[in-house]
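Participant: Provided herewith: protein_14.txt, compact mmCIF, C-alpha atoms.
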```txt
# COMPACT_ATOMS: atom_id res chain seq x y z
CA MET A 1 8.44 -40.75 -64.57
CA ASP A 2 12.14 -40.37 -65.06
CA LYS A 3 14.29 -39.27 -62.17
CA LYS A 4 14.97 -35.75 -63.43
CA ARG A 5 11.26 -34.84 -63.70
CA ARG A 6 10.53 -36.11 -60.20
CA ASP A 7 13.37 -34.05 -58.79
CA PHE A 8 12.09 -30.97 -60.59
CA LEU A 9 8.59 -31.40 -59.16
CA LYS A 10 9.94 -31.88 -55.63
CA ILE A 11 12.04 -28.75 -55.83
CA ALA A 12 9.16 -26.69 -57.35
CA GLY A 13 6.72 -27.79 -54.62
CA ALA A 14 9.19 -27.08 -51.83
CA THR A 15 10.02 -23.60 -53.09
CA THR A 16 6.32 -22.71 -53.52
CA LEU A 17 5.59 -23.67 -49.92
CA ALA A 18 8.63 -21.82 -48.70
CA GLY A 19 7.68 -18.74 -50.72
CA LEU A 20 4.09 -18.56 -49.43
CA GLY A 21 4.87 -19.34 -45.84
CA GLY A 22 8.09 -17.38 -45.80
CA SER A 23 6.58 -14.07 -46.95
CA VAL A 24 4.06 -14.13 -44.10
CA VAL A 25 6.80 -14.96 -41.58
CA VAL A 26 9.10 -12.24 -42.90
CA GLU A 27 6.30 -9.63 -42.85
CA ARG A 28 5.46 -10.46 -39.26
CA LEU A 29 9.07 -10.27 -38.21
CA VAL A 30 9.72 -6.99 -40.03
CA THR A 31 6.62 -5.01 -38.96
CA GLY A 32 6.06 -6.63 -35.60
CA GLU A 33 2.30 -6.84 -36.32
CA ALA A 34 -0.09 -9.12 -38.16
CA PRO A 35 -0.04 -8.28 -41.89
CA ALA A 36 -3.80 -7.55 -42.12
CA THR A 37 -3.73 -4.78 -39.55
CA ALA A 38 -0.44 -3.46 -40.92
CA ARG A 39 -2.22 -2.93 -44.24
CA ALA A 40 -5.06 -1.18 -42.40
CA ALA A 41 -2.50 1.34 -41.13
CA HIS A 42 -2.27 2.82 -44.60
CA GLU A 43 -5.98 3.58 -44.84
CA VAL A 44 -6.52 7.34 -44.90
CA ASP A 45 -10.19 7.12 -44.01
CA PRO A 46 -10.61 6.11 -40.37
CA ALA A 47 -13.75 4.05 -41.04
CA VAL A 48 -13.99 1.49 -38.30
CA GLY A 49 -15.82 -1.12 -40.38
CA HIS A 50 -12.88 -1.30 -42.77
CA GLY A 51 -10.39 -2.40 -40.15
CA HIS A 52 -12.77 -5.08 -38.92
CA ALA A 53 -13.24 -6.74 -42.29
CA ARG A 54 -9.49 -7.06 -42.79
CA ALA A 55 -8.69 -8.34 -39.32
CA GLU A 56 -11.24 -11.09 -39.63
CA ALA A 57 -8.98 -12.80 -42.20
CA GLY A 58 -7.71 -15.10 -39.47
CA HIS A 59 -4.85 -13.06 -38.04
CA GLU A 60 -4.70 -12.38 -34.35
CA PRO A 61 -6.32 -9.05 -33.49
CA VAL A 62 -3.80 -6.44 -32.45
CA PRO A 63 -4.86 -3.17 -30.79
CA HIS A 64 -4.21 -0.73 -33.54
CA GLY A 65 -5.44 2.75 -34.38
CA GLY A 66 -9.13 2.90 -34.93
CA GLY A 67 -10.23 -0.64 -34.25
CA HIS A 68 -9.86 -4.26 -35.14
CA GLY A 69 -11.43 -7.65 -34.69
CA HIS A 70 -14.25 -7.67 -32.22
CA GLU A 71 -13.66 -4.75 -29.89
CA ILE A 72 -15.61 -1.53 -30.25
CA ARG A 73 -13.41 1.49 -30.75
CA LYS A 74 -12.54 2.87 -27.34
CA THR A 75 -10.31 5.72 -28.48
CA GLY A 76 -11.43 9.11 -29.66
CA LYS A 77 -14.89 10.57 -29.45
CA ARG A 78 -17.93 8.44 -29.98
CA LEU A 79 -21.02 10.59 -30.13
CA GLY A 80 -24.31 9.09 -29.06
CA MET A 81 -27.78 10.00 -27.96
CA VAL A 82 -30.30 8.88 -25.37
CA ILE A 83 -33.95 9.47 -26.20
CA ASP A 84 -36.18 9.48 -23.15
CA LEU A 85 -39.54 8.28 -24.43
CA ARG A 86 -41.19 9.02 -21.09
CA GLN A 87 -40.68 12.75 -21.72
CA PHE A 88 -42.19 12.46 -25.16
CA GLN A 89 -45.14 10.59 -23.64
CA LYS A 90 -45.62 13.43 -21.20
CA HIS A 91 -45.22 16.16 -23.85
CA PRO A 92 -46.40 14.72 -27.17
CA GLU A 93 -46.11 18.11 -28.89
CA LEU A 94 -42.32 17.82 -28.55
CA ILE A 95 -42.24 15.17 -31.28
CA GLU A 96 -43.55 17.56 -33.92
CA LYS A 97 -41.29 20.32 -32.58
CA VAL A 98 -38.18 18.15 -32.85
CA VAL A 99 -38.98 16.91 -36.35
CA HIS A 100 -39.74 20.40 -37.56
CA ALA A 101 -36.56 21.84 -36.02
CA CYS A 102 -34.37 19.27 -37.72
CA HIS A 103 -36.05 19.45 -41.10
CA ALA A 104 -36.09 23.25 -41.11
CA GLU A 105 -32.43 23.51 -40.14
CA HIS A 106 -31.29 21.14 -42.85
CA ASN A 107 -33.65 22.10 -45.68
CA VAL A 108 -35.26 18.68 -45.77
CA PRO A 109 -38.03 18.74 -48.41
CA SER A 110 -41.61 17.66 -47.88
CA PHE A 111 -43.68 16.19 -50.66
CA PRO A 112 -47.40 15.33 -50.73
CA ASN A 113 -46.76 11.84 -52.09
CA LYS A 114 -45.55 9.50 -49.34
CA LYS A 115 -43.38 7.63 -51.84
CA ASP A 116 -41.24 10.74 -52.36
CA GLU A 117 -40.83 11.27 -48.64
CA VAL A 118 -37.50 12.42 -47.28
CA LYS A 119 -37.04 12.32 -43.54
CA TRP A 120 -34.15 12.59 -41.14
CA ILE A 121 -36.05 12.02 -37.89
CA TRP A 122 -39.63 10.87 -37.55
CA PRO A 123 -42.13 9.25 -35.16
CA THR A 124 -43.12 5.65 -35.60
CA GLU A 125 -44.96 3.08 -33.55
CA TYR A 126 -43.22 0.99 -30.92
CA ALA A 127 -43.58 -2.31 -32.78
CA LYS A 128 -41.91 -0.90 -35.89
CA ALA A 129 -39.06 0.71 -33.97
CA PHE A 130 -38.26 -2.23 -31.69
CA THR A 131 -38.86 -5.21 -33.92
CA GLU A 132 -37.00 -7.64 -31.69
CA HIS A 133 -39.08 -6.89 -28.62
CA SER A 134 -42.41 -8.49 -28.02
CA ASP A 135 -45.47 -6.46 -28.82
CA TYR A 136 -47.79 -9.00 -27.24
CA TYR A 137 -50.30 -7.43 -24.80
CA ARG A 138 -48.26 -4.27 -24.68
CA ASN A 139 -49.22 -1.66 -22.07
CA SER A 140 -51.45 1.19 -23.17
CA VAL A 141 -48.84 3.94 -22.72
CA ILE A 142 -46.58 2.25 -25.25
CA LEU A 143 -49.43 1.46 -27.60
CA GLU A 144 -50.73 5.03 -27.62
CA ASN A 145 -47.43 6.86 -28.05
CA GLU A 146 -44.89 7.03 -30.80
CA VAL A 147 -41.13 6.54 -30.79
CA LEU A 148 -38.79 9.02 -32.45
CA VAL A 149 -36.37 7.24 -34.73
CA LEU A 150 -33.38 8.50 -36.68
CA CYS A 151 -30.07 7.25 -38.00
CA ASN A 152 -28.42 5.31 -35.22
CA HIS A 153 -24.85 6.24 -36.22
CA CYS A 154 -23.81 2.68 -35.57
CA ASP A 155 -20.37 1.78 -34.40
CA GLU A 156 -20.20 -0.91 -37.08
CA PRO A 157 -22.29 0.67 -39.81
CA PRO A 158 -23.38 -1.71 -42.57
CA CYS A 159 -24.09 1.25 -44.83
CA VAL A 160 -20.43 2.30 -44.69
CA LYS A 161 -19.38 -1.20 -45.69
CA ALA A 162 -21.89 -1.25 -48.53
CA CYS A 163 -21.08 2.13 -50.05
CA PRO A 164 -19.09 1.61 -53.27
CA THR A 165 -17.70 5.16 -53.34
CA ARG A 166 -17.16 5.72 -49.61
CA ALA A 167 -19.63 8.59 -49.85
CA THR A 168 -20.91 7.51 -46.46
CA PHE A 169 -18.19 7.11 -43.90
CA LYS A 170 -17.63 7.16 -40.18
CA ASN A 171 -15.87 10.34 -39.15
CA LYS A 172 -13.49 10.71 -36.24
CA ASP A 173 -16.26 11.67 -33.81
CA GLY A 174 -18.27 8.55 -34.49
CA ILE A 175 -20.82 10.24 -36.71
CA VAL A 176 -21.76 8.31 -39.84
CA ALA A 177 -21.46 11.19 -42.27
CA MET A 178 -22.58 11.64 -45.87
CA ASP A 179 -20.49 13.24 -48.55
CA TYR A 180 -23.04 14.26 -51.16
CA HIS A 181 -20.29 15.17 -53.60
CA ARG A 182 -19.42 11.51 -53.90
CA CYS A 183 -22.80 9.86 -53.62
CA ILE A 184 -23.83 8.22 -56.88
CA GLY A 185 -27.32 7.33 -55.72
CA CYS A 186 -26.93 3.57 -55.99
CA ARG A 187 -28.93 3.06 -52.76
CA PHE A 188 -26.78 0.18 -51.53
CA CYS A 189 -26.67 1.95 -48.19
CA MET A 190 -30.46 1.98 -48.04
CA ALA A 191 -30.49 -1.76 -48.63
CA ALA A 192 -27.79 -2.31 -46.02
CA CYS A 193 -29.34 -0.23 -43.26
CA PRO A 194 -31.32 -2.47 -40.91
CA TYR A 195 -33.27 0.51 -39.56
CA GLY A 196 -34.53 2.18 -42.70
CA SER A 197 -33.01 5.49 -41.64
CA ARG A 198 -32.10 6.64 -45.11
CA SER A 199 -34.15 8.45 -47.71
CA PHE A 200 -33.56 8.76 -51.41
CA ASN A 201 -34.22 11.99 -53.28
CA TRP A 202 -36.58 10.76 -55.98
CA ARG A 203 -37.28 14.33 -56.96
CA ASP A 204 -35.45 17.62 -56.92
CA PRO A 205 -35.63 18.52 -53.21
CA ARG A 206 -35.94 22.21 -54.03
CA ALA A 207 -39.37 21.45 -55.45
CA GLY A 208 -40.47 20.36 -51.98
CA LEU A 209 -39.08 23.41 -50.21
CA ASP A 210 -40.38 26.91 -49.82
CA MET A 211 -37.30 28.63 -51.21
CA ASN A 212 -38.17 31.86 -49.39
CA HIS A 213 -38.03 30.16 -46.00
CA ILE A 214 -35.01 27.91 -46.01
CA ASN A 215 -31.86 27.89 -43.96
CA ARG A 216 -29.42 29.72 -46.20
CA ARG A 217 -26.40 28.63 -44.20
CA PHE A 218 -26.89 24.96 -45.04
CA PRO A 219 -27.03 23.49 -48.53
CA THR A 220 -29.88 21.47 -49.97
CA ARG A 221 -29.19 18.15 -51.63
CA MET A 222 -29.76 17.31 -55.28
CA ARG A 223 -32.00 14.79 -56.90
CA GLY A 224 -30.51 11.32 -56.89
CA VAL A 225 -28.58 11.21 -53.60
CA VAL A 226 -29.39 9.42 -50.37
CA GLU A 227 -29.65 11.50 -47.23
CA LYS A 228 -30.12 10.91 -43.53
CA CYS A 229 -29.59 12.44 -40.13
CA ASN A 230 -26.01 13.66 -39.72
CA PHE A 231 -26.07 14.26 -35.93
CA CYS A 232 -25.75 17.94 -36.91
CA ALA A 233 -22.08 17.46 -37.69
CA GLU A 234 -21.84 21.09 -38.76
CA ARG A 235 -23.11 22.24 -35.34
CA VAL A 236 -21.31 19.64 -33.26
CA GLY A 237 -18.05 20.60 -34.99
CA LEU A 238 -18.52 24.08 -33.52
CA GLY A 239 -19.36 22.81 -30.05
CA LYS A 240 -23.14 23.21 -30.30
CA GLN A 241 -25.78 20.59 -29.59
CA PRO A 242 -27.77 19.00 -32.40
CA LYS A 243 -30.90 20.88 -33.41
CA CYS A 244 -33.25 18.15 -32.18
CA VAL A 245 -31.65 18.15 -28.73
CA GLU A 246 -31.85 21.93 -28.66
CA ALA A 247 -35.51 21.81 -29.60
CA CYS A 248 -36.25 19.69 -26.54
CA GLY A 249 -35.12 22.55 -24.34
CA THR A 250 -34.85 21.76 -20.64
CA SER A 251 -37.03 18.66 -20.71
CA LYS A 252 -33.98 16.39 -21.19
CA ALA A 253 -36.02 14.32 -23.61
CA MET A 254 -32.90 13.88 -25.71
CA VAL A 255 -29.41 13.75 -24.28
CA PHE A 256 -26.39 13.97 -26.56
CA GLY A 257 -22.74 13.45 -25.76
CA ASP A 258 -19.54 11.48 -25.98
CA LEU A 259 -20.06 7.82 -25.12
CA ASN A 260 -16.33 7.28 -24.71
CA ASP A 261 -16.07 9.92 -22.02
CA PRO A 262 -16.92 8.18 -18.71
CA ASP A 263 -17.74 11.51 -17.03
CA SER A 264 -20.16 12.78 -19.64
CA GLU A 265 -23.82 13.43 -18.94
CA ILE A 266 -24.92 10.79 -21.40
CA ARG A 267 -22.92 8.10 -19.63
CA LYS A 268 -24.54 9.09 -16.36
CA VAL A 269 -27.99 8.84 -17.91
CA LEU A 270 -27.12 5.42 -19.31
CA LYS A 271 -25.89 4.23 -15.93
CA ASP A 272 -29.01 5.42 -14.11
CA ASN A 273 -31.66 4.21 -16.55
CA PHE A 274 -32.59 1.01 -18.30
CA THR A 275 -32.27 1.56 -22.04
CA LEU A 276 -33.26 -0.31 -25.16
CA GLN A 277 -31.62 -0.30 -28.54
CA ARG A 278 -33.09 -1.05 -31.94
CA LYS A 279 -32.33 -4.44 -33.47
CA PRO A 280 -29.38 -5.42 -31.26
CA SER A 281 -28.99 -8.75 -33.02
CA ALA A 282 -27.97 -6.97 -36.24
CA GLY A 283 -24.61 -6.47 -34.57
CA THR A 284 -24.33 -2.86 -35.64
CA HIS A 285 -23.78 -1.42 -32.14
CA PRO A 286 -26.00 1.65 -32.59
CA SER A 287 -25.22 4.84 -30.73
CA VAL A 288 -28.84 5.76 -30.00
CA PHE A 289 -30.45 4.46 -26.80
CA TYR A 290 -34.08 4.65 -25.72
CA ILE A 291 -35.49 4.94 -22.23
CA VAL A 292 -38.88 3.35 -22.55
CA MET B 1 -7.10 10.28 -109.12
CA TYR B 2 -10.30 8.49 -110.10
CA ASP B 3 -13.22 10.89 -109.56
CA GLY B 4 -10.65 13.49 -108.49
CA GLY B 5 -12.89 16.25 -109.77
CA LYS B 6 -15.40 15.46 -107.01
CA ILE B 7 -12.97 14.41 -104.27
CA ILE B 8 -10.68 17.43 -104.15
CA PRO B 9 -13.43 20.06 -103.83
CA GLY B 10 -15.22 17.81 -101.32
CA LEU B 11 -12.07 17.61 -99.21
CA ILE B 12 -11.59 21.35 -99.31
CA ILE B 13 -15.18 21.95 -98.18
CA PHE B 14 -14.73 19.38 -95.38
CA VAL B 15 -11.54 21.07 -94.11
CA LEU B 16 -13.28 24.45 -94.16
CA LEU B 17 -16.24 23.09 -92.20
CA VAL B 18 -14.05 21.39 -89.64
CA THR B 19 -11.91 24.48 -89.06
CA PHE B 20 -15.00 26.73 -88.96
CA PRO B 21 -14.52 27.76 -85.29
CA ILE B 22 -10.99 28.88 -86.02
CA TRP B 23 -11.58 31.17 -89.02
CA TYR B 24 -15.16 32.36 -88.40
CA ASN B 25 -14.28 34.86 -85.66
CA LYS B 26 -11.13 35.99 -87.50
CA GLY B 27 -8.94 35.36 -84.45
CA ASN B 28 -11.17 37.35 -82.09
CA ALA B 29 -11.84 35.44 -78.88
CA GLY B 30 -14.87 37.46 -77.94
CA PRO B 31 -15.22 40.01 -75.15
CA VAL B 32 -13.08 39.16 -72.12
CA PRO B 33 -15.38 38.34 -69.18
CA GLN B 34 -15.58 41.11 -66.60
CA PRO B 35 -16.65 39.61 -63.27
CA GLU B 36 -17.99 42.29 -60.97
CA LEU B 37 -15.78 42.45 -57.90
CA PRO B 38 -17.28 43.41 -54.52
CA LYS B 39 -16.79 47.09 -53.76
CA GLN B 40 -16.37 47.00 -50.01
CA TYR B 41 -13.73 44.27 -49.90
CA ASP B 42 -10.34 44.31 -51.54
CA LYS B 43 -8.82 41.08 -50.28
CA CYS B 44 -9.69 37.47 -50.94
CA VAL B 45 -8.47 34.16 -49.54
CA LEU B 46 -5.55 34.26 -51.98
CA PRO B 47 -4.25 36.93 -54.40
CA ALA B 48 -6.47 37.40 -57.45
CA GLU B 49 -4.29 35.55 -59.98
CA ASP B 50 -3.96 32.58 -57.62
CA MET B 51 -7.70 32.50 -57.06
CA LEU B 52 -8.32 32.64 -60.81
CA ALA B 53 -6.04 29.71 -61.41
CA GLU B 54 -6.75 27.64 -58.32
CA HIS B 55 -10.18 28.34 -56.92
CA MET B 56 -11.44 24.95 -58.10
CA GLN B 57 -8.64 23.07 -56.32
CA LEU B 58 -9.05 25.28 -53.26
CA LEU B 59 -12.75 24.51 -53.03
CA ASN B 60 -12.04 20.80 -53.40
CA GLN B 61 -9.46 20.96 -50.61
CA TRP B 62 -11.92 22.82 -48.40
CA ARG B 63 -14.60 20.24 -49.14
CA ASP B 64 -12.34 17.34 -48.17
CA THR B 65 -11.00 19.05 -45.06
CA VAL B 66 -14.41 20.06 -43.79
CA LEU B 67 -16.33 16.89 -44.62
CA ARG B 68 -13.79 14.11 -44.27
CA THR B 69 -11.57 15.50 -41.52
CA GLY B 70 -14.33 17.43 -39.80
CA ASP B 71 -12.29 20.62 -39.53
CA ARG B 72 -14.90 23.39 -39.33
CA SER B 73 -12.62 25.90 -37.63
CA PHE B 74 -12.59 29.56 -38.50
CA ASP B 75 -9.12 29.52 -39.97
CA VAL B 76 -9.56 31.41 -43.25
CA THR B 77 -8.24 34.92 -42.66
CA ILE B 78 -9.34 37.64 -45.03
CA GLY B 79 -8.16 41.02 -43.85
CA GLU B 80 -8.95 41.05 -40.15
CA LYS B 81 -11.95 38.73 -40.11
CA LYS B 82 -11.81 34.98 -39.78
CA TYR B 83 -14.07 32.71 -41.78
CA GLN B 84 -14.87 29.03 -42.11
CA LYS B 85 -13.87 27.05 -45.14
CA SER B 86 -17.22 27.38 -46.85
CA LEU B 87 -18.45 28.33 -50.31
CA MET B 88 -21.88 29.50 -49.18
CA ASN B 89 -20.90 31.06 -45.88
CA THR B 90 -17.55 32.62 -46.83
CA CYS B 91 -17.10 33.16 -50.56
CA MET B 92 -20.67 34.20 -51.28
CA GLN B 93 -20.76 36.59 -48.32
CA CYS B 94 -18.50 38.97 -50.24
CA HIS B 95 -19.27 37.89 -53.80
CA THR B 96 -22.95 38.42 -53.37
CA SER B 97 -24.00 37.92 -56.97
CA LYS B 98 -23.43 34.58 -58.62
CA LYS B 99 -24.69 35.92 -61.95
CA LYS B 100 -22.38 38.92 -62.03
CA PHE B 101 -19.32 37.17 -60.70
CA CYS B 102 -19.22 33.40 -61.08
CA ASP B 103 -21.34 33.06 -64.21
CA THR B 104 -19.50 35.67 -66.30
CA CYS B 105 -16.34 33.58 -66.58
CA HIS B 106 -18.05 30.21 -66.42
CA ALA B 107 -20.37 31.07 -69.30
CA TYR B 108 -17.44 32.34 -71.37
CA ALA B 109 -15.42 29.18 -70.73
CA SER B 110 -18.52 27.01 -71.20
CA VAL B 111 -18.11 25.41 -67.80
CA THR B 112 -21.04 24.28 -65.66
CA PRO B 113 -19.84 23.37 -62.17
CA TYR B 114 -22.42 21.33 -60.27
CA CYS B 115 -21.86 23.18 -56.99
CA TRP B 116 -25.12 25.07 -57.32
CA ASP B 117 -27.26 21.92 -57.52
CA CYS B 118 -26.91 21.77 -53.75
CA HIS B 119 -25.12 24.85 -52.49
CA LEU B 120 -27.46 27.79 -52.33
CA ALA B 121 -26.52 30.77 -54.48
CA PRO B 122 -27.18 34.17 -52.92
CA VAL B 123 -30.63 35.62 -53.53
CA GLU B 124 -30.54 38.09 -56.42
```
Rewrite the structure from the file as structure tokens, please.
Facilitator:
Amino acid sequence: MDKKRRDFLKIAGATTLAGLGGSVVVERLVTGEAPATARAAHEVDPAVGHGHARAEAGHEPVPHGGGHGHEIRKTGKRLGMVIDLRQFQKHPELIEKVVHACHAEHNVPSFPNKKDEVKWIWPTEYAKAFTEHSDYYRNSVILENEVLVLCNHCDEPPCVKACPTRATFKNKDGIVAMDYHRCIGCRFCMAACPYGSRSFNWRDPRAGLDMNHINRRFPTRMRGVVEKCNFCAERVGLGKQPKCVEACGTSKAMVFGDLNDPDSEIRKVLKDNFTLQRKPSAGTHPSVFYIV
Amino acid sequence: MYDGGKIIPGLIIFVLLVTFPIWYNKGNAGPVPQPELPKQYDKCVLPAEDMLAEHMQLLNQWRDTVLRTGDRSFDVTIGEKKYQKSLMNTCMQCHTSKKKFCDTCHAYASVTPYCWDCHLAPVE
């Protein structure tokens, strides 16, 4: 190689390194934060999962806005629920009452074919709800009773990460909400959900409803979108309790509240009782707890 | 022109066919749609011309504010009453007939908004 070509290569290599390294250094100096989280500042949608994915790119986690790195969001409201299975064991008719209240309030259709089923909250057996807990020689109370399951409104929802259109998103109160205007029915969220909380509308839901006896203050959905429990966002936004909690009446079988508020009733219940969560190893940090 | 005797008349017929919508109605655009306004109420969210021009954008803004931001407050003032930002629970409370109000203009303009796939139209 002649001298001039060698010099050219040396200079080109040096400037490339300086350019790559220098831009990172300059960004850090200018914004005072790691570049990944600085980019997250421009996100309009406060989805927590979004900030996490960016921060994991190897930059040091900086407390910023809605969340980062490995810490669960501690600012703002985080709505959660405790389901006391002992109450449902004592009053088994409550299960049907709760399911009916929710489905009637939200115009959830019912179809004769189980494959077309749409459900927001439903009873299932213990082994199916708590798959990571042993079912070996289970006691008879557990074996004979069912567990109410619903969308867990996870703190790190995999469905939100999977949605290609951001039709499902985590709103500022911690509810994993659905925007049916944007849902394209791809069902990625159904694949991503570790709990099977979501239902697809295989048929026109109005065919499975008695149109003379529906809640006219709440829309139906259309064929081809995915739906799930929404923690009664339309009621909670007005300061009411979710319909399922209201259906339990005074039995305190379901307790709903702000998990980030240390003085709330739900935090007291969690402190006083041993609770289980569904599939903790999935790392989704669900907001629904069960007293078994 | 080779075969001009066939081409020229063919072209003229083609142009007539293609411009059929323009000359068939002799410049008459059909009867202007007359949406039936509610009798008891005389005010809407915005003045009538603004609503005519912008109700689509307004509904989209309401949708985003309510769903994405979670703002379900009663901050739409019509007259003295306050309403939520809602198609079903605000607009259709006064405009109680989708057929006589919404569909008159939408049918004329050949527009089919998909709102009604999910949102419940008032019982008629």
Participant: How many Å lie between atom CA of Thr275 of chain A and atom CA of Phe289 of chain A, rounded to one decimal?
Facilitator: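 Spanning atom CA of Thr275 of chain A to atom CA of Phe289 of chain A is a straight-line distance of 5.9 Å.
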Participant: Could you list the residues in chain A lying within 6 Å of chain B, using all atoms listed in the file, and format the result as JSON, numbers by chain?
Facilitator: {"A": [219, 220, 221, 222]}
Participant: In Å to one decimal, how far is atom CA of Thr124 of chain A from atom CA of Asn152 of chain A?
Facilitator: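 Computing the Euclidean distance for atom CA of Asn152 of chain A and atom CA of Thr124 of chain A yields 14.7 Å.
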Participant: Name the closest residue to Phe188 of chain A among the candidates A:Pro158, A:Pro286, A:Gly19, A:Gly80; distances are taken between atoms, counting all atoms listed in the file.
Facilitator: A:Pro158
Participant: Using only C-alpha atoms, determine which residues lie at most 12 Å from Leu52 of chain B, disregarding the query and same-chain residues fewer than 6 positions distant; provide the list as a PyMOL selection string.
Facilitator: chain B and resi 35+44-46+58+101-102+105-106
Participant: I need the residue nearest Met254 of chain A from this list: A:Ala167, A:Leu276, A:Ala162, A:Ile95. Use only C-alpha atoms for the distance.
Facilitator: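 Residue with the minimum atom-to-atom distance to Met254 of chain A: A:Ile95.
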Participant: List the spatial neighbours of Leu37 of chain B as a PyMOL selection string - criterion: any atom at most 10 Å away, all atoms listed in the file, same-chain residues fewer than 3 positions off excluded.
Facilitator: chain B and resi 34+40-42+94-97+100-101
Participant: Using all atoms listed in the file, which of B:Gly5, B:Gly10, B:Pro38, B:Pro47 sits nearest Met92 of chain B?
Facilitator: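 Looking at the shortest contact to Met92 of chain B, the residue is B:Pro38.
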Participant: Would you work out the distance separating atom CA of Ala53 of chain B from atom CA of Ala107 of chain B, expressed in Å to one decimal?
Facilitator: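 For atom CA of Ala53 of chain B relative to atom CA of Ala107 of chain B, the distance reads 16.4 Å.
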Participant: When distances are computed from all atoms listed in the file, which of A:Leu94, A:Gly208, A:Ser199, A:Val226 shows the smallest separation from Arg182 of chain A?
Facilitator: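 Closest candidate: A:Val226.
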Participant: Around (-35.7, 35.3, -56.4) in the file's frame, which residues reach within 9 Å when counting all atoms listed in the file? Return as a list in words?
Facilitator: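 Looking at atoms near the point gives Met211 and Asn212 of chain A; Val123 and Glu124 of chain B.
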Participant: Could you check the closest approach to Gly224 of chain A for each of A:Asp116, A:Asp155, A:Asp261, A:Asp173 and tell me which residue wins, using all atoms listed in the file?
Facilitator: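 When distances to Gly224 of chain A are compared using all atoms listed in the file, the smallest one comes from A:Asp116.
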